[in-house]
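Student: Contents of query-v2.txt (compact mmCIF, C-alpha atoms and all ligand atoms) are given next:
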```txt
# COMPACT_ATOMS: atom_id res chain seq x y z
CA MET A 1456 -151.93 272.30 36.76
CA THR A 1457 -154.93 270.72 38.48
CA ALA A 1458 -156.20 267.32 37.47
CA LYS A 1459 -159.32 268.97 36.08
CA THR A 1460 -157.54 271.42 33.79
CA ALA A 1461 -155.13 268.68 32.71
CA THR A 1462 -158.10 266.56 31.67
CA SER A 1463 -159.90 269.29 29.77
CA ALA A 1464 -156.69 270.40 28.01
CA SER A 1465 -156.00 266.82 27.06
CA ASP A 1466 -159.60 266.46 25.85
CA SER A 1467 -159.23 269.43 23.56
CA VAL A 1468 -156.00 268.06 22.10
CA SER A 1469 -157.67 264.70 21.78
CA ALA A 1470 -160.63 266.38 20.11
CA ARG A 1471 -158.31 268.06 17.61
CA ALA A 1472 -156.58 264.76 16.86
CA VAL A 1473 -159.91 263.01 16.40
CA ALA A 1474 -161.18 265.90 14.24
CA ALA A 1475 -158.09 265.66 12.05
CA LEU A 1476 -158.74 261.96 11.58
CA SER A 1477 -162.51 262.16 11.29
CA GLY A 1478 -162.58 262.36 7.50
CA VAL A 1479 -160.10 259.51 7.11
CA LYS A 1480 -161.53 256.25 5.79
CA SER A 1481 -161.02 253.13 7.89
CA GLU A 1482 -158.83 251.35 5.34
CA PRO A 1483 -155.51 249.58 5.88
CA GLY A 1484 -152.64 251.83 4.78
CA ILE A 1485 -154.80 254.93 4.30
CA THR A 1486 -152.91 258.25 4.10
CA LYS A 1487 -153.37 260.59 7.07
CA PRO A 1488 -153.88 264.35 6.67
CA ASP A 1489 -150.62 265.21 8.44
CA GLU A 1490 -148.43 262.15 8.37
CA ILE A 1491 -145.19 262.06 10.34
CA LEU A 1492 -144.21 258.47 9.53
CA VAL A 1493 -144.91 256.48 6.38
CA ALA A 1494 -143.76 252.90 5.80
CA GLU A 1495 -144.20 251.03 2.54
CA ASN A 1496 -143.83 247.40 1.46
CA ILE A 1497 -142.03 246.35 4.63
CA ASN A 1498 -141.17 242.68 4.62
CA ARG A 1499 -139.26 240.77 7.27
CA HIS A 1500 -139.06 237.02 7.39
CA PHE A 1501 -137.22 234.58 9.62
CA GLY A 1502 -136.48 231.53 7.48
CA GLY A 1503 -139.85 230.49 6.10
CA LEU A 1504 -141.84 232.55 8.59
CA VAL A 1505 -143.15 235.88 7.34
CA ALA A 1506 -143.12 238.03 10.48
CA VAL A 1507 -143.96 241.36 8.80
CA ASP A 1508 -145.57 241.95 5.43
CA VAL A 1509 -146.98 245.48 5.64
CA ASP A 1510 -148.05 247.21 2.42
CA ARG A 1511 -148.43 250.62 4.00
CA LEU A 1512 -148.61 252.38 7.33
CA SER A 1513 -149.21 256.11 7.73
CA VAL A 1514 -149.14 257.73 11.17
CA GLN A 1515 -150.87 261.02 11.95
CA ARG A 1516 -148.76 263.63 13.73
CA ALA A 1517 -149.55 264.70 17.32
CA SER A 1518 -151.99 261.88 17.86
CA ILE A 1519 -152.00 258.57 19.71
CA THR A 1520 -152.03 255.53 17.46
CA ALA A 1521 -152.35 252.04 18.93
CA LEU A 1522 -150.89 249.03 17.15
CA ILE A 1523 -152.81 245.96 18.27
CA GLY A 1524 -152.98 242.33 17.22
CA PRO A 1525 -152.73 238.82 18.64
CA ASN A 1526 -149.51 237.35 20.00
CA GLY A 1527 -147.00 236.72 17.22
CA ALA A 1528 -148.73 239.13 14.80
CA GLY A 1529 -145.41 240.86 14.06
CA LYS A 1530 -145.92 244.07 16.06
CA THR A 1531 -142.56 244.05 17.85
CA THR A 1532 -140.70 243.00 14.71
CA PHE A 1533 -142.35 245.89 12.84
CA PHE A 1534 -141.29 248.28 15.64
CA ASN A 1535 -137.75 246.91 15.50
CA VAL A 1536 -137.57 247.60 11.78
CA LEU A 1537 -139.09 251.10 11.97
CA ALA A 1538 -136.76 252.16 14.81
CA GLY A 1539 -133.61 250.74 13.18
CA PHE A 1540 -133.08 247.78 15.52
CA ASP A 1541 -133.63 245.25 12.74
CA THR A 1542 -133.13 245.26 8.97
CA PRO A 1543 -136.09 244.30 6.78
CA ASP A 1544 -135.76 242.10 3.71
CA ALA A 1545 -137.59 244.79 1.73
CA GLY A 1546 -139.29 248.12 2.24
CA THR A 1547 -138.82 251.83 2.70
CA TRP A 1548 -139.97 254.16 5.42
CA ARG A 1549 -139.79 257.87 5.99
CA TYR A 1550 -139.94 259.98 9.12
CA GLU A 1551 -140.63 263.66 8.44
CA ASN A 1552 -138.41 264.20 5.37
CA HIS A 1553 -135.84 261.57 6.28
CA GLU A 1554 -135.54 258.22 4.57
CA LEU A 1555 -134.82 255.76 7.38
CA ARG A 1556 -133.75 252.62 5.54
CA ASN A 1557 -130.14 251.77 6.44
CA LYS A 1558 -130.14 254.28 9.29
CA ALA A 1559 -128.86 253.03 12.65
CA ALA A 1560 -131.16 253.16 15.66
CA TYR A 1561 -129.17 255.96 17.33
CA LYS A 1562 -129.39 258.08 14.16
CA ILE A 1563 -133.14 257.56 14.04
CA ALA A 1564 -133.34 258.60 17.70
CA GLN A 1565 -131.33 261.73 16.87
CA LEU A 1566 -133.91 262.55 14.21
CA GLY A 1567 -136.56 262.54 16.95
CA MET A 1568 -138.08 259.05 16.85
CA VAL A 1569 -137.42 256.92 19.94
CA ARG A 1570 -138.81 253.64 21.23
CA THR A 1571 -139.11 251.61 24.41
CA PHE A 1572 -138.98 247.83 24.70
CA GLN A 1573 -141.53 245.11 25.51
CA LEU A 1574 -139.05 243.78 28.06
CA THR A 1575 -137.61 246.82 29.78
CA LYS A 1576 -133.96 247.49 29.22
CA VAL A 1577 -133.23 249.52 32.33
CA LEU A 1578 -129.86 248.68 33.80
CA ALA A 1579 -130.48 247.05 37.17
CA LYS A 1580 -127.06 247.76 38.67
CA MET A 1581 -127.13 251.45 37.87
CA THR A 1582 -129.11 254.02 39.78
CA VAL A 1583 -132.29 255.48 38.38
CA LEU A 1584 -130.52 258.79 37.73
CA GLU A 1585 -127.62 257.06 35.95
CA ASN A 1586 -130.11 255.23 33.75
CA MET A 1587 -131.68 258.56 32.87
CA ARG A 1588 -128.34 260.17 32.08
CA LEU A 1589 -127.57 257.32 29.69
CA GLY A 1590 -130.59 258.37 27.68
CA ALA A 1591 -129.00 261.69 26.76
CA GLN A 1592 -127.41 261.72 23.35
CA ARG A 1593 -124.47 263.39 21.74
CA GLN A 1594 -122.98 264.19 25.08
CA LEU A 1595 -119.85 266.19 24.59
CA GLY A 1596 -118.15 264.30 27.43
CA GLU A 1597 -118.35 261.08 25.45
CA ARG A 1598 -116.20 262.47 22.68
CA ILE A 1599 -112.67 261.18 23.11
CA LEU A 1600 -110.98 264.53 22.57
CA ALA A 1601 -113.20 266.43 24.98
CA ALA A 1602 -113.32 263.79 27.72
CA PRO A 1603 -110.01 264.75 29.41
CA PHE A 1604 -111.16 268.37 29.71
CA PRO A 1605 -114.14 268.42 32.04
CA PHE A 1606 -114.37 272.22 31.82
CA ALA A 1607 -115.41 271.72 28.15
CA TRP A 1608 -118.43 269.65 29.03
CA SER A 1609 -119.35 270.15 32.68
CA GLY A 1610 -122.00 272.73 31.73
CA GLN A 1611 -123.65 270.19 29.48
CA GLU A 1612 -123.43 267.50 32.18
CA GLU A 1613 -125.38 269.79 34.48
CA GLN A 1614 -128.03 270.34 31.84
CA VAL A 1615 -128.37 266.59 31.34
CA THR A 1616 -128.76 266.03 35.09
CA GLU A 1617 -131.25 268.88 35.34
CA ARG A 1618 -133.38 267.43 32.55
CA ALA A 1619 -133.15 263.96 34.11
CA LEU A 1620 -134.35 265.27 37.47
CA THR A 1621 -137.19 267.23 35.88
CA LEU A 1622 -138.41 264.11 34.07
CA LEU A 1623 -138.04 261.98 37.21
CA ARG A 1624 -140.19 264.47 39.12
CA ARG A 1625 -142.79 264.41 36.38
CA PHE A 1626 -142.95 260.60 36.42
CA ASN A 1627 -143.04 260.43 40.23
CA LEU A 1628 -139.65 258.72 40.37
CA TYR A 1629 -137.67 261.55 41.94
CA GLU A 1630 -137.54 259.88 45.37
CA LYS A 1631 -136.00 256.83 43.72
CA LYS A 1632 -133.25 258.69 41.87
CA ASP A 1633 -130.40 257.18 43.91
CA ASP A 1634 -131.84 253.65 44.12
CA PHE A 1635 -130.59 250.87 41.91
CA ALA A 1636 -133.04 250.45 39.04
CA GLY A 1637 -133.10 246.72 39.84
CA THR A 1638 -134.96 247.42 43.09
CA MET A 1639 -137.95 248.96 41.31
CA SER A 1640 -141.24 247.24 40.47
CA GLY A 1641 -142.02 246.25 36.88
CA GLY A 1642 -144.37 249.20 36.55
CA GLN A 1643 -141.79 251.68 37.84
CA ARG A 1644 -139.27 250.31 35.34
CA LYS A 1645 -141.78 250.91 32.55
CA LEU A 1646 -142.13 254.51 33.77
CA LEU A 1647 -138.34 254.87 33.95
CA GLU A 1648 -137.98 253.59 30.42
CA MET A 1649 -140.52 256.08 29.17
CA ALA A 1650 -138.86 258.91 31.09
CA ARG A 1651 -135.43 257.89 29.75
CA ALA A 1652 -136.72 257.86 26.16
CA LEU A 1653 -137.79 261.49 26.68
CA MET A 1654 -134.25 262.57 27.62
CA THR A 1655 -133.55 263.20 23.92
CA ASP A 1656 -136.56 265.51 23.58
CA PRO A 1657 -138.13 263.41 20.80
CA THR A 1658 -141.03 264.32 18.53
CA MET A 1659 -142.31 260.76 18.28
CA ILE A 1660 -142.25 257.98 20.87
CA MET A 1661 -142.95 254.31 20.16
CA LEU A 1662 -143.93 252.25 23.21
CA ASP A 1663 -143.95 248.44 23.12
CA GLU A 1664 -146.58 247.28 25.63
CA PRO A 1665 -146.12 250.11 28.15
CA MET A 1666 -148.87 248.72 30.39
CA ALA A 1667 -147.78 245.06 30.47
CA GLY A 1668 -147.23 243.84 34.03
CA VAL A 1669 -148.15 247.21 35.52
CA ASN A 1670 -150.59 247.33 38.45
CA PRO A 1671 -153.92 249.14 37.90
CA ALA A 1672 -152.99 252.29 39.86
CA LEU A 1673 -149.77 252.75 37.92
CA THR A 1674 -151.57 251.95 34.65
CA GLN A 1675 -153.81 254.99 35.19
CA SER A 1676 -150.77 257.14 35.78
CA LEU A 1677 -149.04 255.75 32.67
CA LEU A 1678 -152.12 256.44 30.56
CA GLY A 1679 -152.19 259.99 31.94
CA HIS A 1680 -148.53 260.48 31.01
CA ILE A 1681 -149.12 259.24 27.47
CA LYS A 1682 -152.05 261.65 27.03
CA GLU A 1683 -149.86 264.47 28.35
CA LEU A 1684 -147.25 263.70 25.70
CA ARG A 1685 -149.88 264.17 23.00
CA GLU A 1686 -150.93 267.40 24.71
CA GLU A 1687 -147.36 268.60 24.22
CA GLY A 1688 -147.53 267.80 20.50
CA LEU A 1689 -145.67 264.49 20.54
CA THR A 1690 -146.76 261.67 18.29
CA VAL A 1691 -147.29 258.38 20.13
CA LEU A 1692 -147.37 254.93 18.51
CA PHE A 1693 -147.92 252.20 21.05
CA ILE A 1694 -148.37 248.43 21.04
CA GLU A 1695 -150.87 247.18 23.60
CA HIS A 1696 -153.00 244.17 24.45
CA ASP A 1697 -155.17 245.88 27.06
CA MET A 1698 -158.25 246.91 25.07
CA ASP A 1699 -159.58 249.18 27.82
CA ALA A 1700 -156.35 251.17 27.68
CA VAL A 1701 -156.41 251.24 23.88
CA ARG A 1702 -159.99 252.52 23.87
CA ASP A 1703 -159.23 255.06 26.58
CA ILE A 1704 -156.32 256.88 24.95
CA SER A 1705 -156.11 256.08 21.22
CA ASP A 1706 -157.19 258.41 18.46
CA TRP A 1707 -156.60 255.71 15.86
CA VAL A 1708 -156.04 251.97 15.99
CA VAL A 1709 -154.05 249.84 13.53
CA VAL A 1710 -154.55 246.07 13.67
CA MET A 1711 -151.93 243.54 12.63
CA ALA A 1712 -152.44 239.80 12.17
CA GLN A 1713 -149.97 237.36 10.67
CA GLY A 1714 -147.63 240.15 9.66
CA ARG A 1715 -150.17 242.23 7.77
CA ILE A 1716 -152.27 245.26 8.64
CA ILE A 1717 -155.80 243.90 8.43
CA ALA A 1718 -157.77 246.91 9.65
CA GLU A 1719 -157.44 250.44 10.96
CA GLY A 1720 -159.75 253.17 12.15
CA PRO A 1721 -161.11 254.89 15.26
CA PRO A 1722 -161.01 252.58 18.32
CA ALA A 1723 -164.77 251.99 18.71
CA SER A 1724 -165.36 250.94 15.12
CA VAL A 1725 -162.16 248.89 14.77
CA MET A 1726 -163.09 246.84 17.81
CA ARG A 1727 -166.41 245.95 16.20
CA ASP A 1728 -164.73 244.90 12.93
CA LYS A 1729 -165.38 241.23 12.26
CA ALA A 1730 -161.94 240.60 10.76
CA VAL A 1731 -160.36 242.01 13.92
CA ILE A 1732 -162.50 239.95 16.27
CA ASP A 1733 -161.78 236.84 14.22
CA ALA A 1734 -158.05 237.54 14.27
CA TYR A 1735 -158.07 237.79 18.05
CA LEU A 1736 -160.43 235.10 19.09
CA GLY A 1737 -160.70 232.87 16.05
CA ALA A 1738 -163.67 232.72 13.70
CA HIS A 1739 -167.20 231.57 14.65
CA HIS A 1740 -168.16 233.87 17.47
CA ASP A 1741 -169.77 237.29 17.65
CA GLU A 1742 -168.26 238.96 20.67
CA GLU A 1743 -167.07 242.55 20.57
CA LEU A 1744 -163.55 243.43 21.67
CA THR A 1745 -164.90 245.57 24.45
CA LYS A 1746 -163.27 243.62 27.23
CA SER A 1747 -160.13 244.24 29.13
CA GLY A 1748 -156.91 242.56 28.03
CA GLU A 1749 -157.34 240.17 30.92
CA SER A 1750 -160.60 238.76 29.60
CA LEU A 1751 -159.06 238.52 26.14
CA THR A 1752 -156.18 236.58 27.58
CA GLN A 1753 -158.61 234.28 29.34
CA ASN A 1754 -160.42 233.80 26.06
CA LYS A 1755 -157.18 233.00 24.28
CA LYS A 1756 -156.24 230.54 26.99
CA ALA A 1757 -159.68 228.94 26.79
CA LYS A 1758 -159.23 228.68 23.05
CA SER A 1759 -155.82 227.07 23.27
CA THR A 1760 -156.83 224.45 25.85
N1 LIG A 1801 -135.44 236.81 16.00
C1 LIG A 1801 -136.42 235.99 15.57
N2 LIG A 1801 -136.14 234.80 15.01
C2 LIG A 1801 -137.12 233.99 14.55
N3 LIG A 1801 -138.43 234.27 14.63
C3 LIG A 1801 -138.78 235.43 15.22
C4 LIG A 1801 -137.80 236.34 15.72
N4 LIG A 1801 -138.45 237.45 16.23
C5 LIG A 1801 -139.75 237.20 16.06
N5 LIG A 1801 -139.96 236.00 15.47
C6 LIG A 1801 -141.26 235.44 15.09
O1 LIG A 1801 -141.93 236.41 14.30
C7 LIG A 1801 -143.33 236.43 14.62
C8 LIG A 1801 -143.71 237.83 15.08
O2 LIG A 1801 -143.16 238.04 16.36
P1 LIG A 1801 -143.31 239.41 17.14
O3 LIG A 1801 -142.52 239.31 18.39
O4 LIG A 1801 -143.00 240.54 16.23
O5 LIG A 1801 -144.88 239.41 17.47
P2 LIG A 1801 -145.72 240.38 18.41
O6 LIG A 1801 -146.91 240.80 17.59
O7 LIG A 1801 -144.87 241.44 18.97
O8 LIG A 1801 -146.23 239.37 19.54
P3 LIG A 1801 -146.52 239.64 21.12
O9 LIG A 1801 -147.86 240.31 21.18
O10 LIG A 1801 -146.57 238.25 21.69
O11 LIG A 1801 -145.40 240.46 21.67
C9 LIG A 1801 -143.55 235.36 15.66
O12 LIG A 1801 -143.96 234.18 15.03
C10 LIG A 1801 -142.18 235.19 16.28
O13 LIG A 1801 -142.00 233.89 16.80
MG MG A 1802 -144.32 241.97 20.90
```
Rewrite the structure from the file as structure tokens, please.
Tutor:
Amino acid sequence: MTAKTATSASDSVSARAVAALSGVKSEPGITKPDEILVAENINRHFGGLVAVDVDRLSVQRASITALIGPNGAGKTTFFNVLAGFDTPDAGTWRYENHELRNKAAYKIAQLGMVRTFQLTKVLAKMTVLENMRLGAQRQLGERILAAPFPFAWSGQEEQVTERALTLLRRFNLYEKKDDFAGTMSGGQRKLLEMARALMTDPTMIMLDEPMAGVNPALTQSLLGHIKELREEGLTVLFIEHDMDAVRDISDWVVVMAQGRIIAEGPPASVMRDKAVIDAYLGAHHDEELTKSGESLTQNKKAKST
């Protein structure tokens, strides 16, 4: 597919996602027309600190939703809870028709919802291909009874390798397949983590700051990959500080501050919302959030000094 057709196809998918969301009011917790994930009354505290206190989150299927908010807003903790890596003090959440409370992370992944981490968890002393193969689930060869009989699982091993190589080609990491993952740049590790998450053929992918620490050229390629996932019908929920990236690819933006969802809506209008600007930069100013994450960071630094 040429770059041009990829863009126009992605635009049409984007247009459909935007159209589906166009009648939706910009209200925290609002129900989406075709929701794939719904979370209600999620509360997680650490001692006296309330990290997450979300009344409701509804995520539209086959669209890209950004979860934004200042440092410490509770975004990663919320992700941890939703994906089964942490247990909330209260709350219920549902993915498709499955209640997820008390479900382990690997079970949630088997249901089709996978996530990546803010700090990448690629294994430095394994090769890129081995990292990918680890992403495959329910491998017959891992079952104790089948393990001594390679003939029972070698066909599946080949399929896993084939899928891994296909994904590595797609993410421009094929040439690196035999390198130790530890030799890759931060951006390449982010790509590897995204590729590895796709090994299980998920229907929804949650990305925690996929662009953090990634150089501008690789950022463009990452953004392209995320749009392609939507084009294929995947639902994407991603945490990001880079407002240019958020504006570029999101169909809908949800804003967290101090554990709560304080606003949501289409990117352009959310970034003009006074409550959102205040949450990011503190009250008493009238700037729009139309800057890159870098300028926001500079603003935050200026504020804290
Ligand atoms: N395991 C923990 N123990 C104690 N406090 C924690 C723990 N994990 C997170 N917190 C606190 O909970 C709050 C929310 O943290 P969280 O990492 O979810 O924020 P975030 O929105 O992801 O921030 P950032 O944008 O900096 O990644 C913070 O005040 C943080 O210090
Ligand atoms: Mg975080």
Student: So, counting only C-alpha atoms and all ligand atoms, which residue among A:Ile1519, A:Val1583, A:Val1701, A:Ala1712 is closest to ligand LIG 1801 (chain A)?
Tutor: A:Ala1712
Student: Atom CA of Met1659 of chain A and atom CA of Phe1540 of chain A, how far apart in Å?
Tutor: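 Atom-to-atom, atom CA of Phe1540 of chain A and atom CA of Met1659 of chain A are spaced 16.2 Å apart.
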Student: Can you list, as a list in words, every protein, DNA or RNA residue that comes within 12 Å of Glu1617 of chain A when you count all atoms listed in the file, leaving out same-chain residues fewer than 2 positions away?
Tutor: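 Listed by chain and then number, they are Leu1584, Met1587, Arg1588, Ala1591, Gly1610, Gln1611, Glu1612, Glu1613, Gln1614, Val1615, Ala1619, Leu1620, Thr1621, Leu1622, Leu1623, Arg1624, Tyr1629 and Met1654 of chain A.
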Student: Within 8 Å of ligand MG 1802 (chain A), counting all atoms listed in the file, which protein or nucleic acid residues do you find, written as a count of residues only?
Tutor: 10
Student: So which residues are near ligand LIG 1801 (chain A), meaning at most 12 Å away with all atoms listed in the file counted, given back as an NGL selection string?
Tutor: :A and (1498-1508 or 1522-1536 or 1540-1543 or 1572-1574 or 1662-1665 or 1667 or 1693-1697 or 1710-1716 or 1735 or 1748 or 1752)
Student: Enclose all atoms of segment 1525-1539 of chain A listed in the file in an axis-aligned box, grow every side by 6 Å, and hand back centre and edge lengths in Å to one decimal, as AutoDock Vina command-line options.
Tutor:
```
--center_x -143.2 --center_y 244.4 --center_z 15.9 --size_x 31.1 --size_y 27.4 --size_z 20.2
```
Student: I need the residue nearest Ala1521 of chain A from this list: A:Leu1677, A:Val1669, A:Met1661, A:Ala1494. Use only C-alpha atoms for the distance.
Tutor: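 Using only C-alpha atoms, the shortest distance to Ala1521 of chain A belongs to A:Met1661.
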